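Student: The structure under discussion is supplied below as structure tokens; questions concerning it will follow.
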Amino acid sequence: MEKLHKPVLFEESLNYVVTDKSGIYFDATLGYGGHSEGILKRINKNGTVISTDVDKDAFNFSKEKFKNENRIKLYNFNFTQIDIITKIESINFFDGILADLGVSSFQLDNVEKGFTYRQEARLDLRMDRNKVVNASDVVNSFSEEDLADILFKFGEEKNSRKIAKEICNQRRNNKIETTSELSSIIKQVTPQRYYVKTLSRVFQALRIFVNDELNALEIFLKKSIELLKKNGVLVIISYHSLEDRIVKEFFKYEALDCICPKDYPVCKCDKESRLKILTKKPVVPSLKEIEQNIRARSAKLRAAERI
Ligand SMILES: C[S@@+](CC[C@H](N)C(=O)[O-])C[C@H]1O[C@@H](n2cnc3c(N)ncnc32)[C@H](O)[C@@H]1O
């Protein structure tokens with residue numbers, strides 16, 4: 001299983017996030033423990049890593065993987081609960097916080113999770129099985145308008161209205177329960193040359209909606225900045241433009257020390273900058289990394305230091 005997920009931008013992210021060998025680090029997206037393991041290798045016996053993953057299988061896998069490692073504490077919590085985890089651990093601040101967003105290769109390849117449109121699977125897309133609504137519920141019960149909005153907002157799918165209409169037409173006859181049933185509906189209303197890209201956008205949109213990914217990211221960023229020690233670094237690896245935009249805007253806003261209108265002669269706001277941006281442009285994987293791990297191709301890393 002370990003071989004199935006290669007940590008993305010591994011050295012680059014660790015170079016930014018680990019600033020103190022005895023520090024306390026938070027890995028918000030434990031997955032199969034690749035980045036957490038990298039942090040453990042860089043810290044000394046006084047350092048600590050606290051890692052969480054909302055996916056029970058990822059958590060269980062990593063629990064076994066790190067069973068003989070006493071410098072790591074693992075949680076099966078949403079990363080939006082970073083503040084609760086710090087309270088449980090009686091920690092005030094972290095020296096570094098890392099989030100490698102999205103889904104792992106294992107989740108994508110695991111048929112039971114229904115994350116992939118490449119294999120026949122139940123249409124689910126939940127990372128956290130405790131969430132009440134899955135992708136099948138969305139496509140079978142949401143109104144045509146709401147479906148179209150989800151595809152447009154979270155998949156940036158231009159054909160959202162046409163696809164939503166076809167989904168609603170077809171579900172009148174049969175419930176849409178599998179990835180291939182949804183794929184074949186999309187195929188009927190999509191020109192062949194756009195089919196794969198459209199599929200990818202539709203599945204991305206449903207996944208983001210079902211897991212409430214963008215809201216979770218915003219909550220996490222706001223809480224993280226409060227929990228970073230001075231000079232501590234926040235590192236976020238994102239995989240699509242919607243996530244990257246949120247990170248970029250958040251960093252930009254937190255780096256500003258004035259938000260007064262441009263025509264004010266003197267500053268009247270009490271805005272203070274709380275972050276120094278370390279990556280003017282996002283760091284992207286090398287061609288070599290992409291050749292070895294095609295899933296790294298859309299990754300963008302942004303890092304910022306707490307002032
Ligand atoms: C790209 S993988 C991380 C892989 C990990 N860095 C490694 O090296 O194995 C993303 C992980 O984040 C988890 N995840 C996504 N959103 C989450 C959230 N809101 N809270 C906690 N975990 C989340 C997913 O379940 C998945 O296991």
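Residue numbering restarts at 1 in every chain; chains get A, B, ... in the order shown in the structure tokens, and ligands count up from 1 in that same order.
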Write out as a VMD selection string each polymer residue (protein, DNA or RNA) that has an atom no more than 7 Å from ligand 1, with only C-alpha atoms and all ligand atoms counted.
Tutor: chain A and resid 5 to 7 28 to 36 52 to 55 58 77 to 80 100 to 104 127 213 216 to 217
Student: With N, CA, C and O atoms kept, could you save the residues just selected as a CSV table (one decimal), in the first residue's frame?
Tutor:
chain,number,residue,atom,x,y,z
A,5,HIS,N,1.3,5.3,-2.8
A,5,HIS,CA,1.3,6.7,-2.7
A,5,HIS,C,2.6,7.3,-2.5
A,5,HIS,O,3.3,7.1,-1.4
A,6,LYS,N,3.1,8.0,-3.5
A,6,LYS,CA,4.4,8.7,-3.4
A,6,LYS,C,4.1,10.1,-2.9
A,6,LYS,O,3.4,10.9,-3.5
A,7,PRO,N,4.8,10.5,-1.8
A,7,PRO,CA,4.5,11.9,-1.3
A,7,PRO,C,5.0,12.9,-2.4
A,7,PRO,O,6.1,12.7,-2.9
A,28,ALA,N,-1.5,17.9,8.5
A,28,ALA,CA,-2.9,18.0,8.5
A,28,ALA,C,-3.5,16.8,7.6
A,28,ALA,O,-4.7,16.6,7.7
A,29,THR,N,-2.7,16.3,6.8
A,29,THR,CA,-3.2,15.3,5.8
A,29,THR,C,-2.2,14.0,5.8
A,29,THR,O,-1.5,13.8,4.9
A,30,LEU,N,-2.3,13.3,6.9
A,30,LEU,CA,-1.4,12.2,7.2
A,30,LEU,C,-1.4,11.2,6.0
A,30,LEU,O,-0.3,10.8,5.6
A,31,GLY,N,-2.5,10.8,5.4
A,31,GLY,CA,-2.5,9.8,4.3
A,31,GLY,C,-1.8,8.6,4.7
A,31,GLY,O,-2.0,8.0,5.8
A,32,TYR,N,-0.8,8.2,3.9
A,32,TYR,CA,-0.1,7.0,4.2
A,32,TYR,C,1.3,7.3,4.8
A,32,TYR,O,2.2,6.5,4.8
A,33,GLY,N,1.3,8.5,5.4
A,33,GLY,CA,2.4,8.8,6.3
A,33,GLY,C,3.7,9.2,5.6
A,33,GLY,O,4.7,9.4,6.3
A,34,GLY,N,3.7,9.5,4.3
A,34,GLY,CA,4.9,9.9,3.6
A,34,GLY,C,5.6,11.1,4.2
A,34,GLY,O,6.7,11.2,4.6
A,35,HIS,N,4.8,12.2,4.2
A,35,HIS,CA,5.3,13.5,4.7
A,35,HIS,C,5.6,13.4,6.2
A,35,HIS,O,6.7,14.0,6.6
A,36,SER,N,4.8,12.8,6.9
A,36,SER,CA,5.0,12.7,8.4
A,36,SER,C,6.3,12.0,8.7
A,36,SER,O,7.1,12.4,9.5
A,52,THR,N,-3.0,14.1,11.3
A,52,THR,CA,-4.4,13.7,11.3
A,52,THR,C,-4.9,13.4,9.8
A,52,THR,O,-4.3,13.9,8.9
A,53,ASP,N,-5.9,12.5,9.7
A,53,ASP,CA,-6.5,12.2,8.5
A,53,ASP,C,-8.0,11.9,8.7
A,53,ASP,O,-8.3,11.1,9.7
A,54,VAL,N,-8.8,12.4,7.9
A,54,VAL,CA,-10.3,12.2,8.1
A,54,VAL,C,-10.7,10.8,7.6
A,54,VAL,O,-11.7,10.3,8.0
A,55,ASP,N,-9.8,10.2,6.8
A,55,ASP,CA,-10.1,8.8,6.2
A,55,ASP,C,-9.6,7.7,7.2
A,55,ASP,O,-8.5,7.7,7.6
A,58,ALA,N,-6.8,5.4,6.0
A,58,ALA,CA,-5.5,6.0,6.0
A,58,ALA,C,-5.0,6.1,7.4
A,58,ALA,O,-3.8,5.8,7.7
A,77,PHE,N,-9.2,12.8,12.7
A,77,PHE,CA,-10.1,14.0,12.8
A,77,PHE,C,-10.0,14.8,11.5
A,77,PHE,O,-9.0,14.7,10.7
A,78,ASN,N,-11.0,15.6,11.2
A,78,ASN,CA,-10.9,16.6,10.1
A,78,ASN,C,-9.9,17.6,10.5
A,78,ASN,O,-9.8,18.0,11.6
A,79,PHE,N,-9.1,18.1,9.5
A,79,PHE,CA,-8.1,19.1,9.9
A,79,PHE,C,-8.7,20.5,10.3
A,79,PHE,O,-8.0,21.3,10.8
A,80,THR,N,-10.0,20.6,10.1
A,80,THR,CA,-10.6,21.8,10.6
A,80,THR,C,-10.6,21.8,12.1
A,80,THR,O,-10.9,22.8,12.8
A,100,ASP,N,-1.1,18.6,2.6
A,100,ASP,CA,-1.0,18.1,1.2
A,100,ASP,C,-2.4,17.6,0.8
A,100,ASP,O,-2.8,16.5,1.1
A,101,LEU,N,-3.1,18.6,0.2
A,101,LEU,CA,-4.6,18.5,0.1
A,101,LEU,C,-5.0,17.4,-0.9
A,101,LEU,O,-4.2,16.7,-1.6
A,102,GLY,N,-6.3,17.2,-1.0
A,102,GLY,CA,-6.8,16.3,-2.0
A,102,GLY,C,-6.9,14.8,-1.5
A,102,GLY,O,-7.0,14.6,-0.3
A,103,VAL,N,-6.8,13.9,-2.5
A,103,VAL,CA,-6.9,12.5,-2.2
A,103,VAL,C,-5.6,11.8,-2.5
A,103,VAL,O,-4.8,12.3,-3.3
A,104,SER,N,-5.4,10.7,-1.8
A,104,SER,CA,-4.1,9.9,-2.0
A,104,SER,C,-4.3,9.0,-3.2
A,104,SER,O,-5.5,8.7,-3.6
A,127,MET,N,-14.5,11.0,1.8
A,127,MET,CA,-13.3,10.6,2.5
A,127,MET,C,-13.6,10.1,3.9
A,127,MET,O,-13.0,9.2,4.4
A,213,GLU,N,-14.8,20.5,0.7
A,213,GLU,CA,-13.3,20.7,0.8
A,213,GLU,C,-12.9,22.2,0.8
A,213,GLU,O,-11.9,22.5,1.5
A,216,ALA,N,-13.6,23.6,4.2
A,216,ALA,CA,-12.7,23.1,5.2
A,216,ALA,C,-11.3,23.7,5.1
A,216,ALA,O,-10.7,24.1,6.1
A,217,LEU,N,-10.9,24.0,3.9
A,217,LEU,CA,-9.5,24.6,3.7
A,217,LEU,C,-9.5,26.0,4.3
A,217,LEU,O,-8.6,26.4,4.9
Student: Mind checking DSSP for range 14-198 of chain A and telling me the alpha helix (DSSP H) residues as an MDAnalysis selection string?
Tutor: chainID A and resid 14:17 34:42 56:65 82:88 105:109 135:141 144:155 160:171 179:188 195:198
Student: I want to know what sits within 10 Å of range 292-302 of chain A, based on only C-alpha atoms, with residues of the same chain fewer than 5 positions away left out; could you give that as a PyMOL selection string?
Tutor: chain A and resi 5-9+12-13+16+99-101+104-105+234-241+243-244+247-248+251+277-287
Student: Just write the chosen residues, C-alpha atoms, as a PDB file, in the first residue's frame.
Tutor:
ATOM      1  CA  HIS A   5       1.262   6.725  -2.663  1.00  0.00           C
ATOM      2  CA  LYS A   6       4.401   8.705  -3.396  1.00  0.00           C
ATOM      3  CA  PRO A   7       4.545  11.892  -1.319  1.00  0.00           C
ATOM      4  CA  VAL A   8       4.498  14.885  -3.666  1.00  0.00           C
ATOM      5  CA  LEU A   9       7.091  17.726  -3.518  1.00  0.00           C
ATOM      6  CA  GLU A  12      10.668  20.894  -1.110  1.00  0.00           C
ATOM      7  CA  SER A  13       7.870  20.791   1.483  1.00  0.00           C
ATOM      8  CA  TYR A  16      10.203  24.765   4.167  1.00  0.00           C
ATOM      9  CA  ALA A  99      -1.238  20.196   4.378  1.00  0.00           C
ATOM     10  CA  ASP A 100      -0.977  18.072   1.241  1.00  0.00           C
ATOM     11  CA  LEU A 101      -4.555  18.461   0.056  1.00  0.00           C
ATOM     12  CA  SER A 104      -4.121   9.937  -2.005  1.00  0.00           C
ATOM     13  CA  SER A 105      -3.294   7.482  -4.755  1.00  0.00           C
ATOM     14  CA  LEU A 234       2.737  27.044   6.895  1.00  0.00           C
ATOM     15  CA  VAL A 235       3.062  24.870   3.781  1.00  0.00           C
ATOM     16  CA  ILE A 236       0.122  23.983   1.562  1.00  0.00           C
ATOM     17  CA  ILE A 237       0.264  21.685  -1.466  1.00  0.00           C
ATOM     18  CA  SER A 238      -2.846  22.006  -3.626  1.00  0.00           C
ATOM     19  CA  TYR A 239      -3.963  20.155  -6.733  1.00  0.00           C
ATOM     20  CA  HIS A 240      -6.431  22.384  -8.515  1.00  0.00           C
ATOM     21  CA  SER A 241      -6.962  26.055  -9.172  1.00  0.00           C
ATOM     22  CA  GLU A 243      -7.759  25.326  -3.806  1.00  0.00           C
ATOM     23  CA  ASP A 244      -4.683  27.206  -4.969  1.00  0.00           C
ATOM     24  CA  VAL A 247      -4.354  29.642  -0.435  1.00  0.00           C
ATOM     25  CA  LYS A 248      -2.903  32.406  -2.608  1.00  0.00           C
ATOM     26  CA  PHE A 251      -1.479  34.398   2.071  1.00  0.00           C
ATOM     27  CA  ILE A 277       5.188  34.880   1.785  1.00  0.00           C
ATOM     28  CA  LEU A 278       8.153  32.596   1.067  1.00  0.00           C
ATOM     29  CA  THR A 279       7.050  31.455  -2.390  1.00  0.00           C
ATOM     30  CA  LYS A 280       6.392  34.425  -4.695  1.00  0.00           C
ATOM     31  CA  LYS A 281       5.374  31.892  -7.320  1.00  0.00           C
ATOM     32  CA  PRO A 282       4.125  28.437  -6.344  1.00  0.00           C
ATOM     33  CA  VAL A 283       6.728  25.675  -6.311  1.00  0.00           C
ATOM     34  CA  VAL A 284       5.826  22.950  -8.817  1.00  0.00           C
ATOM     35  CA  PRO A 285       7.218  19.446  -9.281  1.00  0.00           C
ATOM     36  CA  SER A 286      10.204  18.896 -11.544  1.00  0.00           C
ATOM     37  CA  LEU A 287       9.735  17.056 -14.842  1.00  0.00           C
TER      38      LEU A 287
END
Student: Would you list, as a list in words, the residues of range 122-250 of chain A that end up in strand (DSSP E) under DSSP run on this structure's backbone?
Tutor: Leu228, Lys229, Lys230, Asn231, Gly232, Val233, Leu234, Val235, Ile236, Ile237 and Ser238 of chain A
Student: Please write the residues from the selection above to a file, keeping N, CA and C atoms, as a PDB file, in the first residue's frame.
Tutor:
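Writing done, so here's selection02.pdb:
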ATOM      1  N   LEU A 228       0.389  29.038  14.759  1.00  0.00           N
ATOM      2  CA  LEU A 228       1.789  28.971  14.311  1.00  0.00           C
ATOM      3  C   LEU A 228       2.669  29.848  15.189  1.00  0.00           C
ATOM      4  N   LYS A 229       3.777  29.292  15.599  1.00  0.00           N
ATOM      5  CA  LYS A 229       4.750  30.049  16.387  1.00  0.00           C
ATOM      6  C   LYS A 229       5.373  31.132  15.493  1.00  0.00           C
ATOM      7  N   LYS A 230       5.903  32.187  16.090  1.00  0.00           N
ATOM      8  CA  LYS A 230       6.636  33.192  15.311  1.00  0.00           C
ATOM      9  C   LYS A 230       7.760  32.469  14.550  1.00  0.00           C
ATOM     10  N   ASN A 231       7.913  32.790  13.300  1.00  0.00           N
ATOM     11  CA  ASN A 231       8.882  32.147  12.391  1.00  0.00           C
ATOM     12  C   ASN A 231       8.511  30.722  11.974  1.00  0.00           C
ATOM     13  N   GLY A 232       7.392  30.235  12.487  1.00  0.00           N
ATOM     14  CA  GLY A 232       6.908  28.922  12.034  1.00  0.00           C
ATOM     15  C   GLY A 232       6.391  29.035  10.604  1.00  0.00           C
ATOM     16  N   VAL A 233       6.428  27.932   9.881  1.00  0.00           N
ATOM     17  CA  VAL A 233       6.067  27.996   8.451  1.00  0.00           C
ATOM     18  C   VAL A 233       4.826  27.143   8.159  1.00  0.00           C
ATOM     19  N   LEU A 234       3.944  27.730   7.349  1.00  0.00           N
ATOM     20  CA  LEU A 234       2.737  27.044   6.895  1.00  0.00           C
ATOM     21  C   LEU A 234       2.957  26.649   5.437  1.00  0.00           C
ATOM     22  N   VAL A 235       2.821  25.357   5.146  1.00  0.00           N
ATOM     23  CA  VAL A 235       3.062  24.870   3.781  1.00  0.00           C
ATOM     24  C   VAL A 235       1.802  24.175   3.279  1.00  0.00           C
ATOM     25  N   ILE A 236       1.327  24.605   2.121  1.00  0.00           N
ATOM     26  CA  ILE A 236       0.122  23.983   1.562  1.00  0.00           C
ATOM     27  C   ILE A 236       0.433  23.505   0.141  1.00  0.00           C
ATOM     28  N   ILE A 237       0.143  22.226  -0.100  1.00  0.00           N
ATOM     29  CA  ILE A 237       0.264  21.685  -1.466  1.00  0.00           C
ATOM     30  C   ILE A 237      -1.162  21.490  -1.975  1.00  0.00           C
ATOM     31  N   SER A 238      -1.489  22.144  -3.084  1.00  0.00           N
ATOM     32  CA  SER A 238      -2.846  22.006  -3.626  1.00  0.00           C
ATOM     33  C   SER A 238      -2.781  21.378  -5.013  1.00  0.00           C
TER      34      SER A 238
END
Student: My list of candidates is A:Ser51, A:Asn92, A:Asn174, A:Ser273. Which is closest to Leu74 in chain A when distances are computed with only C-alpha atoms?
Tutor: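 Smallest separation from Leu74 in chain A among the options: A:Ser51.
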Student: My list of candidates is A:Leu275, A:Arg193, A:Ile43, A:Val49. Which is closest to Phe94 in chain A when distances are computed with only C-alpha atoms?
Tutor: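 Once distances to Phe94 in chain A are computed over only C-alpha atoms, the minimum belongs to A:Val49.
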Student: Using only C-alpha atoms, which protein or nucleic acid residues come within 9 Å of Thr198 in chain A? Drop anything in the same chain fewer than 2 positions from it, and give the result as JSON, numbers by chain.
Tutor: {"A": [155, 157, 159, 186, 187, 190, 194, 195, 196, 200, 201, 202, 203]}
Student: Could you turn the residues from that selection into a file that holds all heavy atoms, as a short mmCIF file (atom, residue, chain, number, x, y, z; two decimals), in the first residue's frame?
Tutor:
data_model
loop_
_atom_site.label_atom_id
_atom_site.label_comp_id
_atom_site.auth_asym_id
_atom_site.auth_seq_id
_atom_site.Cartn_x
_atom_site.Cartn_y
_atom_site.Cartn_z
N GLY A 155 -16.29 22.40 -10.36
CA GLY A 155 -15.58 21.70 -11.43
C GLY A 155 -15.21 22.65 -12.56
O GLY A 155 -14.55 22.26 -13.50
N GLU A 157 -16.99 23.52 -14.86
CA GLU A 157 -17.46 22.81 -16.05
C GLU A 157 -18.44 23.70 -16.83
O GLU A 157 -19.52 24.01 -16.35
CB GLU A 157 -18.12 21.49 -15.60
CG GLU A 157 -18.80 20.71 -16.70
CD GLU A 157 -17.92 20.47 -17.92
OE1 GLU A 157 -16.80 19.99 -17.75
OE2 GLU A 157 -18.36 20.79 -19.03
N ASN A 159 -20.15 23.05 -19.46
CA ASN A 159 -21.34 22.35 -19.91
C ASN A 159 -22.24 21.90 -18.76
O ASN A 159 -23.02 20.96 -18.91
CB ASN A 159 -20.90 21.09 -20.67
CG ASN A 159 -21.36 21.14 -22.10
OD1 ASN A 159 -22.21 21.97 -22.45
ND2 ASN A 159 -20.81 20.25 -22.92
N ILE A 186 -22.54 11.21 -18.94
CA ILE A 186 -21.72 12.35 -19.37
C ILE A 186 -21.28 12.15 -20.83
O ILE A 186 -21.27 13.09 -21.62
CB ILE A 186 -20.51 12.53 -18.41
CG1 ILE A 186 -21.03 12.90 -17.02
CG2 ILE A 186 -19.54 13.59 -18.92
CD1 ILE A 186 -20.02 12.75 -15.92
N LYS A 187 -20.97 10.92 -21.15
CA LYS A 187 -20.52 10.61 -22.52
C LYS A 187 -21.58 11.00 -23.55
O LYS A 187 -21.26 11.48 -24.65
CB LYS A 187 -20.22 9.11 -22.62
CG LYS A 187 -19.40 8.72 -23.81
CD LYS A 187 -18.95 7.30 -23.69
CE LYS A 187 -17.82 7.06 -24.67
NZ LYS A 187 -17.19 5.78 -24.45
N THR A 190 -21.35 14.83 -24.24
CA THR A 190 -20.02 15.48 -24.34
C THR A 190 -19.31 15.04 -25.62
O THR A 190 -19.24 13.84 -25.89
CB THR A 190 -19.15 15.08 -23.12
OG1 THR A 190 -19.90 15.28 -21.95
CG2 THR A 190 -17.88 15.89 -23.05
N TYR A 194 -13.55 15.96 -25.59
CA TYR A 194 -13.56 16.61 -24.26
C TYR A 194 -13.97 15.64 -23.16
O TYR A 194 -14.06 16.02 -21.99
CB TYR A 194 -14.55 17.79 -24.24
CG TYR A 194 -14.25 18.87 -25.24
CD1 TYR A 194 -15.24 19.36 -26.08
CD2 TYR A 194 -12.97 19.41 -25.34
CE1 TYR A 194 -14.97 20.36 -27.00
CE2 TYR A 194 -12.69 20.40 -26.26
CZ TYR A 194 -13.69 20.87 -27.09
OH TYR A 194 -13.41 21.86 -27.99
N TYR A 195 -14.26 14.40 -23.54
CA TYR A 195 -14.90 13.47 -22.59
C TYR A 195 -14.09 13.26 -21.30
O TYR A 195 -14.61 13.43 -20.19
CB TYR A 195 -15.17 12.13 -23.32
CG TYR A 195 -15.70 11.05 -22.42
CD1 TYR A 195 -16.85 11.26 -21.65
CD2 TYR A 195 -15.07 9.81 -22.33
CE1 TYR A 195 -17.35 10.26 -20.82
CE2 TYR A 195 -15.55 8.81 -21.51
CZ TYR A 195 -16.69 9.05 -20.75
OH TYR A 195 -17.17 8.07 -19.93
N VAL A 196 -12.80 12.93 -21.42
CA VAL A 196 -12.01 12.60 -20.23
C VAL A 196 -11.87 13.82 -19.30
O VAL A 196 -12.05 13.73 -18.08
CB VAL A 196 -10.63 12.02 -20.61
CG1 VAL A 196 -9.77 11.80 -19.39
CG2 VAL A 196 -10.82 10.71 -21.36
N SER A 200 -13.34 14.23 -15.49
CA SER A 200 -12.48 14.60 -14.38
C SER A 200 -13.05 15.81 -13.64
O SER A 200 -13.05 15.87 -12.41
CB SER A 200 -11.08 14.81 -14.95
OG SER A 200 -10.42 15.77 -14.26
N ARG A 201 -13.61 16.77 -14.41
CA ARG A 201 -14.16 17.97 -13.76
C ARG A 201 -15.44 17.64 -12.98
O ARG A 201 -15.65 18.16 -11.88
CB ARG A 201 -14.44 19.06 -14.81
CG ARG A 201 -13.16 19.73 -15.32
CD ARG A 201 -13.49 21.01 -16.06
NE ARG A 201 -14.09 20.72 -17.34
CZ ARG A 201 -13.41 20.70 -18.49
NH1 ARG A 201 -12.11 20.97 -18.50
NH2 ARG A 201 -14.02 20.42 -19.61
N VAL A 202 -16.27 16.76 -13.55
CA VAL A 202 -17.52 16.40 -12.86
C VAL A 202 -17.22 15.65 -11.56
O VAL A 202 -17.78 15.96 -10.50
CB VAL A 202 -18.43 15.55 -13.78
CG1 VAL A 202 -19.60 14.96 -13.02
CG2 VAL A 202 -18.93 16.39 -14.96
N PHE A 203 -16.30 14.70 -11.63
CA PHE A 203 -15.96 13.94 -10.41
C PHE A 203 -15.29 14.85 -9.39
O PHE A 203 -15.53 14.74 -8.19
CB PHE A 203 -15.08 12.72 -10.75
CG PHE A 203 -15.91 11.52 -11.15
CD1 PHE A 203 -16.50 11.45 -12.40
CD2 PHE A 203 -16.12 10.48 -10.26
CE1 PHE A 203 -17.29 10.37 -12.76
CE2 PHE A 203 -16.91 9.39 -10.62
CZ PHE A 203 -17.50 9.33 -11.87
#
Student: Need to verify the contact set: Val210 in chain A, 9 Å, only C-alpha atoms, exclusion of same-chain residues closer than 5 positions in sequence. Can you return it as a list in words?
Tutor: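 Returned residues: Asp124, Leu125, Arg126, Met127, Lys131, Val133, Asn134, Ala135, Val138 and Ala205 of chain A.
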Student: For the residues selected in the previous step, produce a file with all heavy atoms as a PDB file, in the first residue's frame.
Tutor:
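Result saved to result_17.pdb:
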ATOM      1  N   ASP A 124     -19.540   7.210  -4.597  1.00  0.00           N
ATOM      2  CA  ASP A 124     -19.555   7.605  -3.199  1.00  0.00           C
ATOM      3  C   ASP A 124     -18.788   8.914  -2.984  1.00  0.00           C
ATOM      4  O   ASP A 124     -19.358   9.958  -2.715  1.00  0.00           O
ATOM      5  CB  ASP A 124     -18.961   6.466  -2.340  1.00  0.00           C
ATOM      6  CG  ASP A 124     -19.197   6.694  -0.872  1.00  0.00           C
ATOM      7  OD1 ASP A 124     -18.969   7.817  -0.414  1.00  0.00           O
ATOM      8  OD2 ASP A 124     -19.606   5.756  -0.164  1.00  0.00           O
ATOM      9  N   LEU A 125     -17.459   8.840  -3.105  1.00  0.00           N
ATOM     10  CA  LEU A 125     -16.573  10.015  -3.034  1.00  0.00           C
ATOM     11  C   LEU A 125     -16.394  10.637  -1.652  1.00  0.00           C
ATOM     12  O   LEU A 125     -15.836  11.724  -1.526  1.00  0.00           O
ATOM     13  CB  LEU A 125     -17.024  11.118  -4.020  1.00  0.00           C
ATOM     14  CG  LEU A 125     -16.926  10.798  -5.509  1.00  0.00           C
ATOM     15  CD1 LEU A 125     -17.581  11.901  -6.328  1.00  0.00           C
ATOM     16  CD2 LEU A 125     -15.484  10.670  -5.954  1.00  0.00           C
ATOM     17  N   ARG A 126     -16.875   9.955  -0.607  1.00  0.00           N
ATOM     18  CA  ARG A 126     -16.649  10.504   0.742  1.00  0.00           C
ATOM     19  C   ARG A 126     -15.292  10.044   1.261  1.00  0.00           C
ATOM     20  O   ARG A 126     -14.969   8.870   1.198  1.00  0.00           O
ATOM     21  CB  ARG A 126     -17.715  10.002   1.720  1.00  0.00           C
ATOM     22  CG  ARG A 126     -19.073  10.641   1.573  1.00  0.00           C
ATOM     23  CD  ARG A 126     -20.080   9.922   2.429  1.00  0.00           C
ATOM     24  NE  ARG A 126     -20.133   8.490   2.111  1.00  0.00           N
ATOM     25  CZ  ARG A 126     -20.702   7.576   2.864  1.00  0.00           C
ATOM     26  NH1 ARG A 126     -21.288   7.920   3.998  1.00  0.00           N
ATOM     27  NH2 ARG A 126     -20.721   6.303   2.505  1.00  0.00           N
ATOM     28  N   MET A 127     -14.502  10.990   1.806  1.00  0.00           N
ATOM     29  CA  MET A 127     -13.271  10.599   2.489  1.00  0.00           C
ATOM     30  C   MET A 127     -13.631  10.116   3.889  1.00  0.00           C
ATOM     31  O   MET A 127     -13.022   9.217   4.427  1.00  0.00           O
ATOM     32  CB  MET A 127     -12.339  11.794   2.631  1.00  0.00           C
ATOM     33  CG  MET A 127     -11.855  12.338   1.320  1.00  0.00           C
ATOM     34  SD  MET A 127     -10.700  13.680   1.659  1.00  0.00           S
ATOM     35  CE  MET A 127     -10.785  14.554   0.136  1.00  0.00           C
ATOM     36  N   LYS A 131     -19.792  11.062   6.953  1.00  0.00           N
ATOM     37  CA  LYS A 131     -20.578  12.127   6.301  1.00  0.00           C
ATOM     38  C   LYS A 131     -21.874  11.514   5.788  1.00  0.00           C
ATOM     39  O   LYS A 131     -21.885  10.389   5.284  1.00  0.00           O
ATOM     40  CB  LYS A 131     -19.797  12.730   5.133  1.00  0.00           C
ATOM     41  CG  LYS A 131     -18.794  13.771   5.581  1.00  0.00           C
ATOM     42  CD  LYS A 131     -18.721  14.921   4.577  1.00  0.00           C
ATOM     43  CE  LYS A 131     -17.645  15.903   4.921  1.00  0.00           C
ATOM     44  NZ  LYS A 131     -17.994  16.891   5.913  1.00  0.00           N
ATOM     45  N   VAL A 133     -24.090  12.618   3.358  1.00  0.00           N
ATOM     46  CA  VAL A 133     -24.432  12.687   1.931  1.00  0.00           C
ATOM     47  C   VAL A 133     -23.255  12.216   1.077  1.00  0.00           C
ATOM     48  O   VAL A 133     -22.131  12.697   1.234  1.00  0.00           O
ATOM     49  CB  VAL A 133     -24.790  14.143   1.550  1.00  0.00           C
ATOM     50  CG1 VAL A 133     -25.041  14.290   0.061  1.00  0.00           C
ATOM     51  CG2 VAL A 133     -26.013  14.596   2.341  1.00  0.00           C
ATOM     52  N   ASN A 134     -23.525  11.244   0.185  1.00  0.00           N
ATOM     53  CA  ASN A 134     -22.467  10.826  -0.746  1.00  0.00           C
ATOM     54  C   ASN A 134     -22.817  11.296  -2.162  1.00  0.00           C
ATOM     55  O   ASN A 134     -23.863  11.905  -2.392  1.00  0.00           O
ATOM     56  CB  ASN A 134     -22.218   9.311  -0.652  1.00  0.00           C
ATOM     57  CG  ASN A 134     -23.396   8.493  -1.151  1.00  0.00           C
ATOM     58  OD1 ASN A 134     -24.205   8.966  -1.941  1.00  0.00           O
ATOM     59  ND2 ASN A 134     -23.494   7.265  -0.683  1.00  0.00           N
ATOM     60  N   ALA A 135     -21.916  10.988  -3.106  1.00  0.00           N
ATOM     61  CA  ALA A 135     -22.093  11.515  -4.466  1.00  0.00           C
ATOM     62  C   ALA A 135     -23.359  10.969  -5.124  1.00  0.00           C
ATOM     63  O   ALA A 135     -24.027  11.676  -5.894  1.00  0.00           O
ATOM     64  CB  ALA A 135     -20.867  11.176  -5.308  1.00  0.00           C
ATOM     65  N   VAL A 138     -26.268  12.985  -4.130  1.00  0.00           N
ATOM     66  CA  VAL A 138     -26.293  14.295  -4.810  1.00  0.00           C
ATOM     67  C   VAL A 138     -26.884  14.147  -6.220  1.00  0.00           C
ATOM     68  O   VAL A 138     -27.813  14.866  -6.592  1.00  0.00           O
ATOM     69  CB  VAL A 138     -24.878  14.919  -4.878  1.00  0.00           C
ATOM     70  CG1 VAL A 138     -24.880  16.222  -5.671  1.00  0.00           C
ATOM     71  CG2 VAL A 138     -24.323  15.154  -3.474  1.00  0.00           C
ATOM     72  N   ALA A 205     -15.855  18.034  -9.013  1.00  0.00           N
ATOM     73  CA  ALA A 205     -16.899  18.893  -8.440  1.00  0.00           C
ATOM     74  C   ALA A 205     -17.682  18.134  -7.369  1.00  0.00           C
ATOM     75  O   ALA A 205     -17.924  18.659  -6.271  1.00  0.00           O
ATOM     76  CB  ALA A 205     -17.842  19.355  -9.550  1.00  0.00           C
TER      77      ALA A 205
END
Student: Pick out the residues sitting within 7 Å of range 106-123 of chain A, and hand them over as a list in words; count only C-alpha atoms, and ignore anything fewer than 5 positions along from it in its own chain.
Tutor: Leu4, His5, Ala135, Ser136, Glu177, Thr178, Thr179, Ser180 and Ser183 of chain A
Student: In Å, with one decimal, what is the gap from CA of Leu98 in chain A to CA of Asp27 in chain A?
Tutor: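 If I compute the distance from CA of Leu98 in chain A to CA of Asp27 in chain A, I get 5.0 Å.
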Student: Just to confirm, what's the straight-line distance from CA of Arg274 in chain A to CA of Arg245 in chain A in Å (one decimal)?
Tutor: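 Between CA of Arg274 in chain A and CA of Arg245 in chain A the gap is 18.8 Å.
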